[in-house]
Every structure is written in C-alpha cells, then in structure tokens.
Amino acid sequence: MPEGHTLHRLAATLDAAFAGTRTRVSSPQGRFTDGAALLDGRLVESARAWGKHLFVTFEGERLLNVHLGLIGVFDVSGYAVGSPSAVGPPPPVGAVRVRLLNDTHVADLRGATVVDVIAPEQQAAILARLGPDPLHAGEPGHDTARSLAKLARTDRPVAELLMDQSVLAGVGNVYRCELLWRHKVDPFTPGRRVRTQTWQLIWDDLVDLMPIGVAFGQIITLDDQVMQAKAMLAGSPGHLVEWQGGREGERGRPAGGQRRPAYERVSPFPREYAVYKRPGQACPRCGSRLRTQVLAGRNLFWCGRCQRRH
DNA sequence: GTTTAATGGGTAT
DNA sequence: TACCCCTTAAACT
C-alpha cells in the first residue's frame, strides 16, 4: 500500500509494461468511462511518480493522473509475457475503475481517490505543490534546502511536517514513525527547533532507505533487514530477477524461467517495524513501553524514553 | 452478517 | 476537528 516507494515502483512497473505500446484504456466498473475514452488506443510514452502522485503520459499531451489515497491498488500483471496467450487477459474482478491493456500486460486500478485525464500544465501545477522527493534525490530542487526553510518558520510538530507533502513528498505514516525512531527524534519537536543536522540526517536516511522499499515493494527500516536487503541488491547481477508468480506479491511456480525487472522482486522479509503499530510493546532499543497517539488525524507511534532529540 | 481498519488527502465547520 | 471519498479483507457478532 501506498507511500512514495509504492508509487515509484508502480511507475517503473507500468513503464516497463506499457511504455512504447498502444494501450487500451477502459473502465470496467463504469466510473471512469469518459476519461478512458480520451486515452483509449493511444501510445503510452512513460509512467513516472513524484511523491505519491502517478502520471502515465500518453501521446498527444494527455496524462493519466492517479493518486491511490489510503486504500488504492494498481495491480500490474503479465498475461502473455514470453509467449502469446491463447486465453487472453483475465476478466476484471471487483471494482476496477481503470484497466490498461496491451498485448502482454494488464493493469487494474481500484480504490484510488484521484483518477483524472490532465494536460502537462496541470501536471506542472501538481509538481509545484510538492516538496522534495527522496526518490528524486540528485535532481534539481530535490534536496533539503526548501524543507529546511519551511521548518525554520513553523511551530508545527516535526511528526506532522514529515507527512506534509509540500515539505517532503512521498513520506507517509510508516516511514515517518520509523525515521523519527531511527534518529531518536521527539515527534512533538516544533519545526523551528529541529536541528539542521538532524533534518539532514533524516533526509539522507530516506534517500538511502526508500530505494530499498522500491526494490522490495515493502518498507524496510530495521537495521538487520536493511543490511540483508542491501547485500541482496548488491549481489543481484544487472536489474533482473526471477519472476516468482502471476501477480506481484503472490508466491507461485516460476513461469518457465521468465525474467522480470528487479522492481518486481518478491520480498523475503516479514513486515516488522520498530515502533509502527506496536503500542504497548517494548522499544527495540531501550525496552520502554511504546506509545501511540492520534496526531493530525493519523496514528503516531513512538518511544517516549529514547526519542528525545531535536 | 456487520463493523472496522488501512502506508491519504481534500473540503467544510 | 469533523466528515467525506475510494475498496477490500480481517475482525467482530
């Protein structure tokens, strides 16, 4: 589910599956019929993500803009990769708002909060609202300069600022809780009291961790898992790994040695976090009882004993 | 069978 | 701060 790593992985998956191909666009559920008609049959140029926003660019300066919200899912699967399929694409299951289809792949979108056909100017307006994205680090504007300037001018708590997409694009509730814990930062520290160095270290950590999240399709922040993940990525030749099943995340028999891009790697790691969703349990670092509290409408999880830094 | 929770965010009050 | 939207699956009764 969707923080920035999910969207970037999705963009890469869609790009590999659809870029350069003429793509059918439909709305099996019927709530995107008009938009689908505007895109149907056009060539897909690219799929890219900034923060939690996904853009699929079609020929003729038309873009499909998707925001998954809290519960959206965009499932991409290959139904005839390697050899032509006699059976064709699978029928849509459930409330499929948008289906992308070409000769090899099918992608079904469900539950998204934003699904729009937009022009390049509207995309520019969306991007202008976003803060720097750790997954675009190294590109112009994607560093800590802008976010530090914002921090210096506000008393809003750092835990709220980390989730503000105009401060940092792509960070969600899991990354924010885990990063604050990793850096021993008190979630309630007012923005202007956060040390420049602390914020820089958090940013550098996100730049390091989020690509691992993209590669494994999972937020990985526990140090031992991070080390194992890095070793696996370093040991993987090129960018290809064995495809593990019919659908992302599902285990299944290898489909005849088919090779798929690394971003479809299946994660071997259990979903474990230091503080996220562990209220009442022991802090992995100091053993103190972990706490939870709703902050700005979202559940915050932290350790009240060892998160004291600013 | 019904309720709830979920890695989000916009708009109204 | 409250409420709204989107959808599904797990947790309740």
# chains A, B, ... in the order shown; residues from 1 in each chain; ligands from 1

call {"tool": "interface_residues", "arguments": {"of": "chain C", "to": "chain A", "cutoff": "9 Å", "atoms": "only C-alpha atoms (C1' of nucleotides)", "output": "ChimeraX atom specification"}}
result
/C:1,5-8

call {"tool": "interface_residues", "arguments": {"of": "chain A", "to": "chain B", "cutoff": "12 Å", "atoms": "only C-alpha atoms (C1' of nucleotides)", "output": "PDB file with N, CA and C atoms, in the first residue's frame"}}
result
ATOM      1  N   MET A   1       0.824  -1.212   0.000  1.00  0.00           N
ATOM      2  CA  MET A   1       0.000   0.000   0.000  1.00  0.00           C
ATOM      3  C   MET A   1       0.857   1.260   0.000  1.00  0.00           C
ATOM      4  N   PRO A   2       0.229   2.386  -0.156  1.00  0.00           N
ATOM      5  CA  PRO A   2       0.921   3.479  -0.827  1.00  0.00           C
ATOM      6  C   PRO A   2       1.652   4.525  -0.001  1.00  0.00           C
ATOM      7  N   GLU A   3       2.945   4.437   0.141  1.00  0.00           N
ATOM      8  CA  GLU A   3       3.778   5.607   0.399  1.00  0.00           C
ATOM      9  C   GLU A   3       4.587   5.790  -0.882  1.00  0.00           C
ATOM     10  N   GLY A   4       5.535   6.721  -0.884  1.00  0.00           N
ATOM     11  CA  GLY A   4       6.228   7.032  -2.131  1.00  0.00           C
ATOM     12  C   GLY A   4       6.864   5.837  -2.819  1.00  0.00           C
ATOM     13  N   HIS A   5       7.427   4.925  -2.016  1.00  0.00           N
ATOM     14  CA  HIS A   5       8.106   3.771  -2.617  1.00  0.00           C
ATOM     15  C   HIS A   5       7.149   2.946  -3.471  1.00  0.00           C
ATOM     16  N   THR A   6       5.883   2.835  -3.034  1.00  0.00           N
ATOM     17  CA  THR A   6       4.876   2.074  -3.785  1.00  0.00           C
ATOM     18  C   THR A   6       4.616   2.718  -5.139  1.00  0.00           C
ATOM     19  N   LEU A   7       4.516   4.044  -5.140  1.00  0.00           N
ATOM     20  CA  LEU A   7       4.201   4.751  -6.381  1.00  0.00           C
ATOM     21  C   LEU A   7       5.360   4.712  -7.366  1.00  0.00           C
ATOM     22  N   GLY A  51       6.536  11.949  -5.429  1.00  0.00           N
ATOM     23  CA  GLY A  51       5.828  11.783  -4.170  1.00  0.00           C
ATOM     24  C   GLY A  51       4.847  10.636  -4.301  1.00  0.00           C
ATOM     25  N   LYS A  52       3.583  10.885  -3.971  1.00  0.00           N
ATOM     26  CA  LYS A  52       2.571   9.834  -4.061  1.00  0.00           C
ATOM     27  C   LYS A  52       1.688  10.002  -5.297  1.00  0.00           C
ATOM     28  N   HIS A  53       2.131  10.851  -6.238  1.00  0.00           N
ATOM     29  CA  HIS A  53       1.362  11.077  -7.467  1.00  0.00           C
ATOM     30  C   HIS A  53       1.942  10.271  -8.622  1.00  0.00           C
ATOM     31  N   HIS A  67      -3.906   9.190  -7.909  1.00  0.00           N
ATOM     32  CA  HIS A  67      -3.462   9.195  -6.515  1.00  0.00           C
ATOM     33  C   HIS A  67      -4.185   8.052  -5.807  1.00  0.00           C
ATOM     34  N   LEU A  68      -3.425   7.148  -5.230  1.00  0.00           N
ATOM     35  CA  LEU A  68      -4.034   5.944  -4.654  1.00  0.00           C
ATOM     36  C   LEU A  68      -4.761   6.200  -3.346  1.00  0.00           C
ATOM     37  N   GLY A  69      -4.473   7.352  -2.718  1.00  0.00           N
ATOM     38  CA  GLY A  69      -5.088   7.575  -1.411  1.00  0.00           C
ATOM     39  C   GLY A  69      -4.620   6.513  -0.433  1.00  0.00           C
ATOM     40  N   LEU A  70      -5.475   6.221   0.531  1.00  0.00           N
ATOM     41  CA  LEU A  70      -5.090   5.281   1.580  1.00  0.00           C
ATOM     42  C   LEU A  70      -5.260   3.829   1.149  1.00  0.00           C
ATOM     43  N   ILE A  71      -6.198   3.578   0.281  1.00  0.00           N
ATOM     44  CA  ILE A  71      -6.590   2.191   0.033  1.00  0.00           C
ATOM     45  C   ILE A  71      -6.480   1.771  -1.424  1.00  0.00           C
ATOM     46  N   GLY A  72      -6.012   2.680  -2.283  1.00  0.00           N
ATOM     47  CA  GLY A  72      -5.952   2.347  -3.704  1.00  0.00           C
ATOM     48  C   GLY A  72      -4.907   1.294  -4.030  1.00  0.00           C
ATOM     49  N   VAL A  73      -5.176   0.515  -5.066  1.00  0.00           N
ATOM     50  CA  VAL A  73      -4.247  -0.517  -5.534  1.00  0.00           C
ATOM     51  C   VAL A  73      -4.258  -0.518  -7.061  1.00  0.00           C
ATOM     52  N   GLY A 111      -9.954   1.645  -6.063  1.00  0.00           N
ATOM     53  CA  GLY A 111      -9.915   2.369  -4.792  1.00  0.00           C
ATOM     54  C   GLY A 111      -9.173   3.687  -4.756  1.00  0.00           C
ATOM     55  N   ALA A 112      -8.692   4.167  -5.897  1.00  0.00           N
ATOM     56  CA  ALA A 112      -7.929   5.412  -5.901  1.00  0.00           C
ATOM     57  C   ALA A 112      -8.817   6.602  -5.568  1.00  0.00           C
ATOM     58  N   THR A 113      -8.241   7.641  -4.956  1.00  0.00           N
ATOM     59  CA  THR A 113      -9.020   8.843  -4.661  1.00  0.00           C
ATOM     60  C   THR A 113      -8.979   9.836  -5.819  1.00  0.00           C
ATOM     61  N   VAL A 114      -7.905   9.803  -6.598  1.00  0.00           N
ATOM     62  CA  VAL A 114      -7.811  10.694  -7.754  1.00  0.00           C
ATOM     63  C   VAL A 114      -7.555   9.874  -9.014  1.00  0.00           C
ATOM     64  N   MET A 163       4.914  14.388   7.288  1.00  0.00           N
ATOM     65  CA  MET A 163       3.803  13.852   6.487  1.00  0.00           C
ATOM     66  C   MET A 163       3.236  14.884   5.518  1.00  0.00           C
ATOM     67  N   ASP A 164       3.672  16.137   5.668  1.00  0.00           N
ATOM     68  CA  ASP A 164       3.159  17.209   4.821  1.00  0.00           C
ATOM     69  C   ASP A 164       3.848  17.126   3.458  1.00  0.00           C
ATOM     70  N   GLN A 165       3.080  16.845   2.426  1.00  0.00           N
ATOM     71  CA  GLN A 165       3.667  16.585   1.111  1.00  0.00           C
ATOM     72  C   GLN A 165       4.292  17.813   0.463  1.00  0.00           C
ATOM     73  N   GLY A 170       6.299  12.069  -0.547  1.00  0.00           N
ATOM     74  CA  GLY A 170       6.444  10.610  -0.597  1.00  0.00           C
ATOM     75  C   GLY A 170       6.451   9.930   0.748  1.00  0.00           C
ATOM     76  N   VAL A 171       6.748  10.684   1.804  1.00  0.00           N
ATOM     77  CA  VAL A 171       6.786  10.080   3.137  1.00  0.00           C
ATOM     78  C   VAL A 171       5.365   9.926   3.675  1.00  0.00           C
ATOM     79  N   GLY A 172       5.069   8.766   4.217  1.00  0.00           N
ATOM     80  CA  GLY A 172       3.768   8.506   4.831  1.00  0.00           C
ATOM     81  C   GLY A 172       3.939   8.103   6.283  1.00  0.00           C
ATOM     82  N   ASN A 173       2.902   7.535   6.841  1.00  0.00           N
ATOM     83  CA  ASN A 173       2.871   7.286   8.277  1.00  0.00           C
ATOM     84  C   ASN A 173       3.921   6.278   8.756  1.00  0.00           C
ATOM     85  N   VAL A 174       4.200   5.255   7.958  1.00  0.00           N
ATOM     86  CA  VAL A 174       5.176   4.250   8.396  1.00  0.00           C
ATOM     87  C   VAL A 174       6.588   4.824   8.373  1.00  0.00           C
ATOM     88  N   TYR A 175       6.967   5.421   7.238  1.00  0.00           N
ATOM     89  CA  TYR A 175       8.317   5.997   7.160  1.00  0.00           C
ATOM     90  C   TYR A 175       8.500   7.075   8.229  1.00  0.00           C
ATOM     91  N   ARG A 176       7.491   7.902   8.461  1.00  0.00           N
ATOM     92  CA  ARG A 176       7.699   8.978   9.443  1.00  0.00           C
ATOM     93  C   ARG A 176       7.918   8.413  10.833  1.00  0.00           C
ATOM     94  N   CYS A 177       7.091   7.453  11.255  1.00  0.00           N
ATOM     95  CA  CYS A 177       7.255   6.890  12.595  1.00  0.00           C
ATOM     96  C   CYS A 177       8.614   6.214  12.733  1.00  0.00           C
ATOM     97  N   GLU A 178       8.980   5.427  11.743  1.00  0.00           N
ATOM     98  CA  GLU A 178      10.222   4.673  11.817  1.00  0.00           C
ATOM     99  C   GLU A 178      11.461   5.578  11.742  1.00  0.00           C
ATOM    100  N   GLY A 213      12.917   0.206  -0.397  1.00  0.00           N
ATOM    101  CA  GLY A 213      11.468  -0.007  -0.387  1.00  0.00           C
ATOM    102  C   GLY A 213      10.928  -0.223  -1.790  1.00  0.00           C
ATOM    103  N   GLY A 217       9.369  -3.612  -2.707  1.00  0.00           N
ATOM    104  CA  GLY A 217       7.930  -3.410  -2.603  1.00  0.00           C
ATOM    105  C   GLY A 217       7.452  -3.425  -1.167  1.00  0.00           C
ATOM    106  N   GLN A 218       8.322  -2.993  -0.278  1.00  0.00           N
ATOM    107  CA  GLN A 218       7.995  -3.061   1.143  1.00  0.00           C
ATOM    108  C   GLN A 218       8.859  -2.061   1.901  1.00  0.00           C
ATOM    109  N   ILE A 219       8.279  -1.448   2.922  1.00  0.00           N
ATOM    110  CA  ILE A 219       9.047  -0.516   3.736  1.00  0.00           C
ATOM    111  C   ILE A 219       9.966  -1.310   4.654  1.00  0.00           C
ATOM    112  N   ARG A 271       6.984  -8.356   7.585  1.00  0.00           N
ATOM    113  CA  ARG A 271       6.682  -6.947   7.832  1.00  0.00           C
ATOM    114  C   ARG A 271       6.853  -6.645   9.308  1.00  0.00           C
ATOM    115  N   TYR A 276       6.084   1.257  14.514  1.00  0.00           N
ATOM    116  CA  TYR A 276       4.802   1.348  13.829  1.00  0.00           C
ATOM    117  C   TYR A 276       3.867   0.191  14.218  1.00  0.00           C
ATOM    118  N   LYS A 277       2.690   0.543  14.674  1.00  0.00           N
ATOM    119  CA  LYS A 277       1.671  -0.433  15.086  1.00  0.00           C
ATOM    120  C   LYS A 277       2.151  -1.369  16.187  1.00  0.00           C
ATOM    121  N   ALA A 296      -2.709  14.921  14.066  1.00  0.00           N
ATOM    122  CA  ALA A 296      -3.177  15.408  12.770  1.00  0.00           C
ATOM    123  C   ALA A 296      -3.936  14.311  12.017  1.00  0.00           C
ATOM    124  N   GLY A 297      -4.789  13.605  12.770  1.00  0.00           N
ATOM    125  CA  GLY A 297      -5.662  12.629  12.142  1.00  0.00           C
ATOM    126  C   GLY A 297      -5.037  11.277  11.832  1.00  0.00           C
ATOM    127  N   ARG A 298      -3.765  11.111  12.175  1.00  0.00           N
ATOM    128  CA  ARG A 298      -3.122   9.821  11.897  1.00  0.00           C
ATOM    129  C   ARG A 298      -2.515   9.257  13.164  1.00  0.00           C
ATOM    130  N   ASN A 299      -2.427   7.924  13.226  1.00  0.00           N
ATOM    131  CA  ASN A 299      -1.861   7.270  14.396  1.00  0.00           C
ATOM    132  C   ASN A 299      -0.338   7.385  14.397  1.00  0.00           C
TER     133      ASN A 299
END

call {"tool": "residues_around", "arguments": {"residues": "Asp108 (chain A)", "least_positions_apart": "5", "cutoff": "12 Å", "atoms": "only C-alpha atoms (C1' of nucleotides)", "output": "MDAnalysis selection string"}}
result
chainID A and resid 10 14 24:29 72:78 89:101 247

call {"tool": "residues_around", "arguments": {"residues": "region 132-138 of chain A", "least_positions_apart": "3", "cutoff": "6 Å", "atoms": "only C-alpha atoms (C1' of nucleotides)", "output": "list in words"}}
result
Gly51, His142, Leu168, Ala169 and Val207 of chain A

call {"tool": "select_by_dssp", "arguments": {"residues": "region 38-123 of chain A", "states": "helix (DSSP H, G or I)", "output": "NGL selection string"}}
result
:A and (38-39 or 120-123)

call {"tool": "atom_distance", "arguments": {"atom1": "CA of Leu54 (chain A)", "atom2": "CA of Leu127 (chain A)"}}
result
10.8 Å

call {"tool": "residues_around", "arguments": {"residues": "Arg156 (chain A)", "least_positions_apart": "3", "cutoff": "9 Å", "atoms": "only C-alpha atoms (C1' of nucleotides)", "output": "list in words"}}
result
Leu151, Ala159, Glu160, Leu161, Phe188, Thr189, Pro190, Gly191 and Arg192 of chain A

call {"tool": "write_last_selection", "arguments": {"atoms": "N, CA and C atoms", "output": "PDB file, in the first residue's frame"}}
result
ATOM      1  N   LEU A 151      10.744  24.485   7.710  1.00  0.00           N
ATOM      2  CA  LEU A 151      10.862  24.100   9.117  1.00  0.00           C
ATOM      3  C   LEU A 151      11.155  25.296  10.008  1.00  0.00           C
ATOM      4  N   ALA A 159       6.614  15.589  13.500  1.00  0.00           N
ATOM      5  CA  ALA A 159       5.910  14.396  13.030  1.00  0.00           C
ATOM      6  C   ALA A 159       4.826  14.761  12.016  1.00  0.00           C
ATOM      7  N   GLU A 160       4.267  15.972  12.182  1.00  0.00           N
ATOM      8  CA  GLU A 160       3.260  16.443  11.228  1.00  0.00           C
ATOM      9  C   GLU A 160       3.932  16.925   9.941  1.00  0.00           C
ATOM     10  N   LEU A 161       5.069  17.594  10.101  1.00  0.00           N
ATOM     11  CA  LEU A 161       5.784  18.131   8.945  1.00  0.00           C
ATOM     12  C   LEU A 161       6.306  17.029   8.024  1.00  0.00           C
ATOM     13  N   PHE A 188       7.177  15.498  18.781  1.00  0.00           N
ATOM     14  CA  PHE A 188       6.460  16.745  19.037  1.00  0.00           C
ATOM     15  C   PHE A 188       7.366  17.973  18.971  1.00  0.00           C
ATOM     16  N   THR A 189       8.615  17.785  18.598  1.00  0.00           N
ATOM     17  CA  THR A 189       9.523  18.915  18.447  1.00  0.00           C
ATOM     18  C   THR A 189       8.971  19.899  17.407  1.00  0.00           C
ATOM     19  N   PRO A 190       8.828  21.181  17.793  1.00  0.00           N
ATOM     20  CA  PRO A 190       8.365  22.162  16.804  1.00  0.00           C
ATOM     21  C   PRO A 190       9.371  22.278  15.660  1.00  0.00           C
ATOM     22  N   GLY A 191       8.869  22.515  14.472  1.00  0.00           N
ATOM     23  CA  GLY A 191       9.721  22.603  13.301  1.00  0.00           C
ATOM     24  C   GLY A 191      10.942  23.488  13.498  1.00  0.00           C
ATOM     25  N   ARG A 192      10.729  24.667  14.050  1.00  0.00           N
ATOM     26  CA  ARG A 192      11.842  25.624  14.176  1.00  0.00           C
ATOM     27  C   ARG A 192      12.897  25.176  15.185  1.00  0.00           C
TER      28      ARG A 192
END

call {"tool": "atom_distance", "arguments": {"atom1": "CA of Phe301 (chain A)", "atom2": "CA of Val185 (chain A)"}}
result
12.1 Å

call {"tool": "decode", "arguments": {"residues": "chain B", "atoms": "C-alpha atoms (C1' of nucleotides)", "output": "PDB file, in the first residue's frame"}}
result
ATOM      1  C1'  DG B   1     -23.863 -10.667   8.597  1.00  0.00           C
ATOM      2  C1'  DT B   2     -21.856  -6.281  10.155  1.00  0.00           C
ATOM      3  C1'  DT B   3     -18.091  -3.356  11.645  1.00  0.00           C
ATOM      4  C1'  DT B   4     -13.575  -1.794  11.426  1.00  0.00           C
ATOM      5  C1'  DA B   5      -9.095  -0.520   9.891  1.00  0.00           C
ATOM      6  C1'  DA B   6      -5.742   0.720   6.342  1.00  0.00           C
ATOM      7  C1'  DT B   7       1.191   3.087   4.367  1.00  0.00           C
ATOM      8  C1'  DG B   8      -4.080   9.560   2.126  1.00  0.00           C
ATOM      9  C1'  DG B   9      -5.900  13.888   1.461  1.00  0.00           C
ATOM     10  C1'  DG B  10      -9.493  17.369   0.298  1.00  0.00           C
ATOM     11  C1'  DT B  11     -13.154  20.312   1.976  1.00  0.00           C
ATOM     12  C1'  DA B  12     -16.257  22.142   5.304  1.00  0.00           C
ATOM     13  C1'  DT B  13     -17.053  23.752  10.158  1.00  0.00           C
TER      14       DT B  13
END
